file final_16.txt (compact mmCIF, C-alpha atoms)
# COMPACT_ATOMS: atom_id res chain seq x y z
CA MET A 1 35.68 -43.35 116.80
CA SER A 2 38.76 -44.17 114.76
CA SER A 3 39.17 -40.51 113.76
CA THR A 4 39.67 -39.22 117.33
CA SER A 5 43.23 -37.97 117.78
CA SER A 6 43.76 -39.55 121.20
CA GLN A 7 43.21 -43.00 119.72
CA ASP A 8 45.57 -42.37 116.82
CA GLN A 9 48.46 -41.91 119.29
CA ARG A 10 47.93 -45.21 121.05
CA PRO A 11 50.22 -48.16 120.39
CA LEU A 12 48.62 -50.86 118.26
CA SER A 13 48.51 -54.48 119.27
CA PRO A 14 50.65 -56.75 117.09
CA HIS A 15 48.91 -57.93 113.93
CA LEU A 16 49.35 -60.93 111.61
CA GLN A 17 53.04 -60.27 110.93
CA VAL A 18 54.09 -61.43 114.42
CA TYR A 19 52.90 -64.96 113.70
CA ARG A 20 54.88 -67.65 111.93
CA PRO A 21 52.94 -68.51 108.74
CA MET A 22 51.05 -71.77 109.17
CA LEU A 23 49.03 -73.87 106.76
CA THR A 24 45.77 -73.35 108.64
CA MET A 25 46.32 -69.58 108.63
CA MET A 26 47.12 -69.59 104.92
CA MET A 27 44.03 -71.67 104.16
CA SER A 28 41.87 -69.26 106.12
CA ILE A 29 43.27 -66.33 104.12
CA ALA A 30 42.89 -68.34 100.90
CA HIS A 31 39.24 -69.00 101.71
CA ARG A 32 38.57 -65.29 101.91
CA ILE A 33 40.64 -64.40 98.84
CA THR A 34 38.98 -67.12 96.74
CA GLY A 35 35.60 -65.86 97.95
CA VAL A 36 36.40 -62.33 96.78
CA ALA A 37 37.73 -63.66 93.46
CA LEU A 38 34.55 -65.70 92.91
CA TYR A 39 32.51 -62.63 93.72
CA PHE A 40 33.93 -60.82 90.70
CA GLY A 41 34.16 -64.03 88.68
CA THR A 42 30.38 -64.41 88.84
CA PHE A 43 30.33 -61.57 86.31
CA LEU A 44 31.71 -64.07 83.77
CA VAL A 45 28.85 -66.51 84.45
CA ALA A 46 26.25 -63.76 83.97
CA TRP A 47 28.07 -62.51 80.86
CA TRP A 48 28.01 -66.00 79.30
CA LEU A 49 24.30 -66.50 80.09
CA VAL A 50 23.35 -63.05 78.76
CA ALA A 51 25.43 -63.68 75.63
CA ALA A 52 23.49 -66.91 75.00
CA ALA A 53 20.25 -64.96 75.41
CA VAL A 54 21.37 -62.14 73.09
CA GLY A 55 21.97 -64.26 70.01
CA ALA A 56 24.34 -66.41 67.97
CA GLY A 57 26.67 -63.65 66.78
CA TYR A 58 27.42 -62.20 70.19
CA PHE A 59 27.51 -65.63 71.83
CA ASP A 60 30.13 -66.86 69.35
CA MET A 61 32.31 -63.85 70.22
CA VAL A 62 32.00 -64.45 73.99
CA ASN A 63 32.41 -68.22 73.62
CA GLY A 64 35.44 -67.58 71.44
CA PHE A 65 36.97 -65.53 74.23
CA PHE A 66 36.39 -68.30 76.81
CA GLY A 67 37.75 -70.86 74.33
CA SER A 68 40.96 -68.90 73.64
CA TRP A 69 44.16 -69.76 75.55
CA PHE A 70 43.65 -66.65 77.68
CA GLY A 71 40.03 -67.53 78.41
CA ARG A 72 40.99 -71.09 79.29
CA ILE A 73 43.60 -69.91 81.77
CA ILE A 74 40.93 -67.74 83.42
CA LEU A 75 38.48 -70.66 83.49
CA LEU A 76 41.15 -73.00 84.89
CA GLY A 77 41.81 -70.49 87.67
CA TYR A 78 38.06 -70.09 88.17
CA THR A 79 37.64 -73.85 88.51
CA TRP A 80 40.34 -74.14 91.16
CA THR A 81 39.09 -71.05 93.02
CA LEU A 82 35.54 -72.38 93.06
CA ILE A 83 36.51 -75.87 94.25
CA HIS A 84 38.93 -74.52 96.85
CA HIS A 85 36.28 -72.19 98.27
CA ALA A 86 33.64 -74.93 98.20
CA LEU A 87 35.89 -77.38 100.10
CA GLY A 88 36.85 -74.60 102.52
CA GLY A 89 33.15 -73.96 103.04
CA LEU A 90 32.62 -77.66 103.81
CA ARG A 91 35.29 -77.37 106.53
CA HIS A 92 33.40 -74.45 108.01
CA LEU A 93 30.14 -76.42 107.92
CA VAL A 94 31.88 -79.24 109.84
CA TRP A 95 33.15 -76.74 112.41
CA ASP A 96 29.64 -75.27 112.67
CA THR A 97 28.47 -78.60 114.08
CA GLY A 98 31.10 -78.31 116.84
CA ARG A 99 33.27 -81.06 115.36
CA GLY A 100 36.77 -81.11 113.86
CA PHE A 101 38.50 -78.74 116.29
CA GLU A 102 41.27 -81.12 117.42
CA LEU A 103 44.62 -79.89 116.10
CA ASP A 104 45.31 -83.03 114.06
CA GLN A 105 41.80 -82.83 112.53
CA VAL A 106 42.23 -79.14 111.69
CA GLU A 107 45.61 -79.86 110.12
CA PHE A 108 44.21 -82.81 108.16
CA MET A 109 41.25 -80.82 106.82
CA ALA A 110 43.54 -77.96 105.77
CA LYS A 111 45.73 -80.37 103.80
CA ALA A 112 42.72 -82.21 102.35
CA ASN A 113 41.29 -78.88 101.24
CA LEU A 114 44.46 -77.91 99.39
CA VAL A 115 45.18 -81.32 97.83
CA GLY A 116 41.50 -81.96 97.11
CA SER A 117 41.06 -78.65 95.30
CA ILE A 118 43.99 -79.37 92.98
CA VAL A 119 43.01 -83.00 92.32
CA LEU A 120 39.36 -82.15 91.66
CA THR A 121 40.32 -79.24 89.37
CA VAL A 122 42.47 -81.56 87.27
CA LEU A 123 39.66 -84.16 87.21
CA VAL A 124 37.06 -81.58 86.12
CA TRP A 125 39.29 -80.46 83.26
CA ILE A 126 40.06 -84.04 82.19
CA VAL A 127 36.30 -84.67 82.05
CA GLY A 128 35.84 -81.36 80.22
CA TYR A 129 38.32 -82.31 77.50
CA ALA A 130 37.06 -85.91 77.37
CA VAL A 131 33.42 -85.01 76.64
CA ARG A 132 34.34 -82.27 74.18
CA MET B 1 23.10 -61.42 135.23
CA SER B 2 21.86 -59.85 132.06
CA LEU B 3 20.98 -56.20 131.54
CA ARG B 4 18.78 -57.01 128.56
CA THR B 5 15.04 -56.39 128.77
CA PRO B 6 12.72 -59.42 128.75
CA LEU B 7 11.36 -58.32 125.35
CA GLY B 8 14.88 -57.93 123.93
CA LYS B 9 15.75 -61.41 125.24
CA VAL B 10 12.69 -62.97 123.62
CA ARG B 11 13.31 -61.29 120.28
CA GLY B 12 17.00 -62.25 120.43
CA LEU B 13 17.93 -59.73 117.78
CA GLY B 14 20.70 -57.81 119.57
CA SER B 15 21.86 -54.29 118.78
CA ALA B 16 22.01 -54.84 115.01
CA LYS B 17 18.30 -55.76 115.03
CA SER B 18 18.90 -58.72 112.75
CA GLY B 19 20.03 -61.40 115.21
CA THR B 20 21.82 -64.36 113.66
CA ASP B 21 20.11 -63.86 110.29
CA HIS B 22 23.30 -62.92 108.43
CA TRP B 23 25.24 -65.90 109.78
CA TRP B 24 22.32 -68.26 109.23
CA MET B 25 21.61 -67.22 105.63
CA GLN B 26 25.35 -67.48 104.86
CA ARG B 27 25.08 -71.15 105.88
CA VAL B 28 21.74 -71.79 104.17
CA THR B 29 23.03 -70.40 100.86
CA ALA B 30 26.37 -72.21 101.35
CA ILE B 31 24.58 -75.56 101.68
CA ALA B 32 22.32 -74.74 98.71
CA ASN B 33 25.37 -73.78 96.65
CA ILE B 34 26.95 -77.23 96.95
CA PRO B 35 24.48 -79.22 94.79
CA LEU B 36 23.68 -76.20 92.61
CA VAL B 37 27.33 -75.51 91.72
CA ILE B 38 27.90 -79.20 90.99
CA CYS B 39 24.87 -79.24 88.64
CA VAL B 40 25.89 -76.02 86.87
CA MET B 41 29.46 -77.29 86.47
CA GLY B 42 28.00 -80.39 84.85
CA ILE B 43 25.84 -78.29 82.52
CA VAL B 44 28.78 -76.06 81.53
CA ILE B 45 31.13 -79.03 81.01
CA SER B 46 28.51 -80.75 78.84
CA LEU B 47 28.45 -77.61 76.65
CA THR B 48 32.20 -77.23 76.07
CA GLY B 49 32.75 -76.76 72.36
CA ALA B 50 28.99 -76.59 71.68
CA ASP B 51 27.64 -73.97 69.24
CA HIS B 52 24.90 -71.44 70.03
CA ALA B 53 22.05 -73.66 68.82
CA ALA B 54 23.13 -76.51 71.10
CA VAL B 55 23.62 -74.16 74.04
CA ILE B 56 20.19 -72.53 73.82
CA ALA B 57 18.58 -75.94 73.33
CA ARG B 58 20.22 -77.23 76.54
CA LEU B 59 19.62 -74.03 78.52
CA GLY B 60 16.01 -73.96 77.33
CA HIS B 61 15.14 -77.18 79.12
CA PRO B 62 12.80 -76.50 82.08
CA ILE B 63 14.90 -78.47 84.58
CA VAL B 64 18.02 -76.59 83.52
CA THR B 65 16.17 -73.27 83.81
CA ILE B 66 15.02 -74.09 87.35
CA VAL B 67 18.51 -75.19 88.41
CA LEU B 68 20.10 -72.07 86.89
CA LEU B 69 17.55 -69.78 88.58
CA ALA B 70 18.18 -71.36 91.98
CA PHE B 71 21.93 -71.24 91.33
CA ILE B 72 21.94 -67.53 90.45
CA LEU B 73 19.75 -66.49 93.38
CA SER B 74 21.69 -68.58 95.90
CA ILE B 75 25.19 -67.52 94.79
CA THR B 76 24.37 -63.80 94.48
CA TRP B 77 22.80 -63.85 97.96
CA HIS B 78 25.85 -65.71 99.33
CA MET B 79 28.17 -63.26 97.52
CA ARG B 80 26.52 -60.25 99.03
CA LEU B 81 26.67 -61.64 102.57
CA GLY B 82 30.32 -62.65 102.19
CA MET B 83 31.50 -59.37 100.67
CA GLN B 84 29.61 -57.45 103.35
CA VAL B 85 31.77 -59.11 106.02
CA VAL B 86 34.96 -58.37 104.07
CA ILE B 87 33.95 -54.70 103.72
CA GLU B 88 33.04 -54.41 107.40
CA ASP B 89 36.43 -55.91 108.33
CA TYR B 90 38.65 -53.73 106.15
CA VAL B 91 36.84 -50.47 105.28
CA HIS B 92 36.80 -48.30 108.38
CA GLY B 93 35.69 -44.80 107.35
CA GLU B 94 31.92 -44.60 107.84
CA GLY B 95 31.24 -42.87 104.51
CA ARG B 96 33.51 -45.16 102.53
CA LYS B 97 32.07 -48.20 104.27
CA ILE B 98 28.51 -47.25 103.38
CA ALA B 99 29.56 -46.51 99.78
CA CYS B 100 31.20 -49.95 99.55
CA LEU B 101 28.16 -51.68 101.09
CA LEU B 102 25.90 -49.93 98.56
CA ALA B 103 28.21 -50.90 95.69
CA ASN B 104 28.13 -54.47 97.00
CA ALA B 105 24.33 -54.50 97.05
CA PHE B 106 24.07 -53.01 93.56
CA PHE B 107 26.71 -55.29 92.01
CA CYS B 108 25.02 -58.41 93.38
CA ALA B 109 21.60 -57.13 92.29
CA VAL B 110 22.82 -56.41 88.74
CA ILE B 111 24.41 -59.86 88.43
CA ALA B 112 21.26 -61.50 89.81
CA ILE B 113 18.87 -59.56 87.56
CA ALA B 114 21.00 -60.05 84.43
CA GLY B 115 21.39 -63.75 85.13
CA VAL B 116 17.73 -64.32 85.95
CA PHE B 117 16.60 -62.39 82.87
CA ALA B 118 18.94 -64.32 80.56
CA VAL B 119 17.91 -67.68 82.02
CA LEU B 120 14.20 -66.85 81.79
CA LYS B 121 14.57 -65.63 78.21
CA LEU B 122 16.34 -68.86 77.27
CA GLY B 123 13.80 -70.88 79.25
CA PHE B 124 10.86 -69.30 77.48
CA GLY B 125 12.60 -69.72 74.10
CA ALA B 126 15.22 -67.10 73.11

call {"tool": "encode", "arguments": {"input": "final_16.txt", "output": "structure tokens"}}
result
Amino acid sequence: MSSTSSQDQRPLSPHLQVYRPMLTMMMSIAHRITGVALYFGTFLVAWWLVAAAVGAGYFDMVNGFFGSWFGRIILLGYTWTLIHHALGGLRHLVWDTGRGFELDQVEFMAKANLVGSIVLTVLVWIVGYAVR
Amino acid sequence: MSLRTPLGKVRGLGSAKSGTDHWWMQRVTAIANIPLVICVMGIVISLTGADHAAVIARLGHPIVTIVLLAFILSITWHMRLGMQVVIEDYVHGEGRKIACLLANAFFCAVIAIAGVFAVLKLGFGA
């Protein structure tokens, strides 16, 4: 349908750029972007598990990568992405029950999602370094 | 007034022939992911700085194996459903869309198979 020439000539309705950026909009976009990032990030989980199954030599190499400053930055980003997407998912589960649609509730959940993801990420890493 | 046939109404599957299955399984796997991700985060955190012997000992525990299996199956299922929606939203050419959907299915399958194999190997004693 989209390849018919008559449709290509038609004016398009305004898209996202006509809207003033809002927190709720940004959090919706962030939920999708973090989901896509986690999608590819799952490769790292499988890689680590397979490395453990392969043997000590290969595992030490992979673990060394994750333990390097570069690997830690990736894992820090992974942690935040995962928690942000998980909290965003909780918001969606609340909405699925028909609750939380009042504007002040929506605004509160958007802020709680953002602040919560940062706070929990820091907490996870404090625990990670503490038990090391 | 509805133009749907009585049989179509009873089946409730609509034109895609899958009804609300996609939406429902997205939610089922989302809910499963919550405790599973928390458990796996705990396992990974407990293994920071651990050597290979300690890691395979921990990952060889039956409870850990079961949790990891459930985790891998739930997240790869959830991944595939989520990416499918993203592809359907942004990839418009029919050929390219089908190629992307196939790549999505294969990527998730490879991750799932690799993860399950590794976890089972560790569970049965690497």

call {"tool": "residues_around", "arguments": {"input": "final_16.txt", "residues": "Leu49 of chain A", "least_positions_apart": "6", "cutoff": "8 Å", "atoms": "only C-alpha atoms", "output": "PyMOL selection string"}}
result
chain B and resi 115+118-119

call {"tool": "closest_residue", "arguments": {"input": "final_16.txt", "among": "B:His61, B:Lys17, B:Lys97, B:Lys121", "to": "chain A", "atoms": "only C-alpha atoms"}}
result
B:Lys121

call {"tool": "residues_around", "arguments": {"input": "final_16.txt", "residues": "segment 76-83 of chain B", "least_positions_apart": "5", "cutoff": "9 Å", "atoms": "only C-alpha atoms", "output": "VMD selection string"}}
result
(chain A and resid 32 35 to 36 38 to 39 42) or (chain B and resid 22 to 23 25 to 30 33 71 88 101 104 to 105 107 to 109 111 to 112)

call {"tool": "closest_residue", "arguments": {"input": "final_16.txt", "among": "A:Tyr78, A:Phe66, A:Phe59, A:Phe101", "to": "chain B", "atoms": "only C-alpha atoms"}}
result
A:Phe59

call {"tool": "closest_residue", "arguments": {"input": "final_16.txt", "among": "B:Ala50, B:Ile75, B:Ala114, B:Leu3", "to": "Leu82 of chain A", "atoms": "all atoms listed in the file"}}
result
B:Ile75

call {"tool": "closest_residue", "arguments": {"input": "final_16.txt", "among": "B:Ser2, B:Ser15, B:Ser74, B:Ser46", "to": "chain A", "atoms": "all atoms listed in the file"}}
result
B:Ser46

call {"tool": "interface_residues", "arguments": {"input": "final_16.txt", "of": "chain A", "to": "chain B", "cutoff": "10 Å", "atoms": "only C-alpha atoms", "output": "PyMOL selection string"}}
result
chain A and resi 1-3+32-33+35-36+38-40+42-60+63-64+66-67+79+82-83+86-87+89-90+92-93+96+124-125+127-132

call {"tool": "closest_residue", "arguments": {"input": "final_16.txt", "among": "A:Leu12, A:Ile74, A:Val18, A:Ala30", "to": "Ser117 of chain A", "atoms": "only C-alpha atoms"}}
result
A:Ala30

call {"tool": "closest_residue", "arguments": {"input": "final_16.txt", "among": "A:Gln9, A:Thr24, A:Gln17, A:Thr121", "to": "Gly77 of chain A", "atoms": "all atoms listed in the file"}}
result
A:Thr121

call {"tool": "atom_distance", "arguments": {"input": "final_16.txt", "atom1": "atom CA of Met22 of chain A", "atom2": "atom CA of Ala110 of chain A"}}
result
10.3 Å

call {"tool": "atom_distance", "arguments": {"input": "final_16.txt", "atom1": "atom CA of Leu120 of chain A", "atom2": "atom CA of Leu76 of chain A"}}
result
11.5 Å

call {"tool": "atom_distance", "arguments": {"input": "final_16.txt", "atom1": "atom CA of Ile43 of chain B", "atom2": "atom CA of Leu75 of chain A"}}
result
14.8 Å

call {"tool": "axis_aligned_box", "arguments": {"input": "final_16.txt", "around": "segment 12-25 of chain B", "padding_each_side": "6 Å", "output": "lines of an AutoDock Vina configuration file"}}
result
center_x = 21.1
center_y = -61.3
center_z = 113.0
size_x = 20.2
size_y = 26.0
size_z = 26.8

call {"tool": "build_atoms", "arguments": {"input": "final_16.txt", "residues": "segment 45-72 of chain B", "atoms": "N, CA and C atoms", "output": "compact mmCIF listing (two decimals), in the coordinates of the input"}}
result
# COMPACT_ATOMS: atom_id res chain seq x y z
N ILE B 45 30.20 -78.06 81.60
CA ILE B 45 31.13 -79.03 81.01
C ILE B 45 30.49 -79.72 79.80
N SER B 46 29.18 -80.04 79.94
CA SER B 46 28.51 -80.75 78.84
C SER B 46 28.38 -79.85 77.61
N LEU B 47 28.60 -78.54 77.77
CA LEU B 47 28.45 -77.61 76.65
C LEU B 47 29.79 -77.10 76.13
N THR B 48 30.91 -77.68 76.59
CA THR B 48 32.20 -77.23 76.07
C THR B 48 32.28 -77.58 74.59
N GLY B 49 32.62 -76.58 73.80
CA GLY B 49 32.75 -76.76 72.36
C GLY B 49 31.42 -76.77 71.61
N ALA B 50 30.30 -76.58 72.34
CA ALA B 50 28.99 -76.59 71.68
C ALA B 50 28.73 -75.23 71.01
N ASP B 51 27.98 -75.24 69.89
CA ASP B 51 27.64 -73.97 69.24
C ASP B 51 26.39 -73.36 69.89
N HIS B 52 26.00 -72.18 69.40
CA HIS B 52 24.90 -71.44 70.03
C HIS B 52 23.60 -72.23 70.03
N ALA B 53 23.30 -72.91 68.92
CA ALA B 53 22.05 -73.66 68.82
C ALA B 53 21.97 -74.74 69.90
N ALA B 54 23.10 -75.45 70.09
CA ALA B 54 23.13 -76.51 71.10
C ALA B 54 23.00 -75.93 72.50
N VAL B 55 23.65 -74.78 72.71
CA VAL B 55 23.62 -74.16 74.04
C VAL B 55 22.21 -73.70 74.40
N ILE B 56 21.53 -73.01 73.47
CA ILE B 56 20.19 -72.53 73.82
C ILE B 56 19.19 -73.68 73.93
N ALA B 57 19.46 -74.77 73.19
CA ALA B 57 18.58 -75.94 73.33
C ALA B 57 18.72 -76.54 74.73
N ARG B 58 19.97 -76.66 75.20
CA ARG B 58 20.22 -77.23 76.54
C ARG B 58 19.71 -76.30 77.62
N LEU B 59 20.01 -74.98 77.49
CA LEU B 59 19.62 -74.03 78.52
C LEU B 59 18.11 -73.73 78.48
N GLY B 60 17.44 -74.18 77.43
CA GLY B 60 16.01 -73.96 77.33
C GLY B 60 15.19 -75.04 77.99
N HIS B 61 15.85 -76.10 78.45
CA HIS B 61 15.14 -77.18 79.12
C HIS B 61 14.64 -76.71 80.49
N PRO B 62 13.37 -77.00 80.81
CA PRO B 62 12.80 -76.50 82.08
C PRO B 62 13.62 -76.84 83.31
N ILE B 63 14.12 -78.08 83.40
CA ILE B 63 14.90 -78.47 84.58
C ILE B 63 16.16 -77.61 84.69
N VAL B 64 16.81 -77.40 83.54
CA VAL B 64 18.02 -76.59 83.52
C VAL B 64 17.70 -75.16 83.94
N THR B 65 16.58 -74.63 83.45
CA THR B 65 16.17 -73.27 83.81
C THR B 65 15.97 -73.15 85.32
N ILE B 66 15.29 -74.12 85.90
CA ILE B 66 15.02 -74.09 87.35
C ILE B 66 16.33 -74.15 88.13
N VAL B 67 17.22 -75.06 87.71
CA VAL B 67 18.51 -75.19 88.41
C VAL B 67 19.31 -73.89 88.29
N LEU B 68 19.33 -73.31 87.09
CA LEU B 68 20.10 -72.07 86.89
C LEU B 68 19.51 -70.91 87.70
N LEU B 69 18.18 -70.84 87.78
CA LEU B 69 17.55 -69.78 88.58
C LEU B 69 17.94 -69.92 90.05
N ALA B 70 17.82 -71.12 90.58
CA ALA B 70 18.18 -71.36 91.98
C ALA B 70 19.66 -71.05 92.21
N PHE B 71 20.49 -71.48 91.25
CA PHE B 71 21.93 -71.24 91.33
C PHE B 71 22.23 -69.74 91.41
N ILE B 72 21.65 -68.97 90.50
CA ILE B 72 21.94 -67.53 90.45
C ILE B 72 21.47 -66.83 91.73
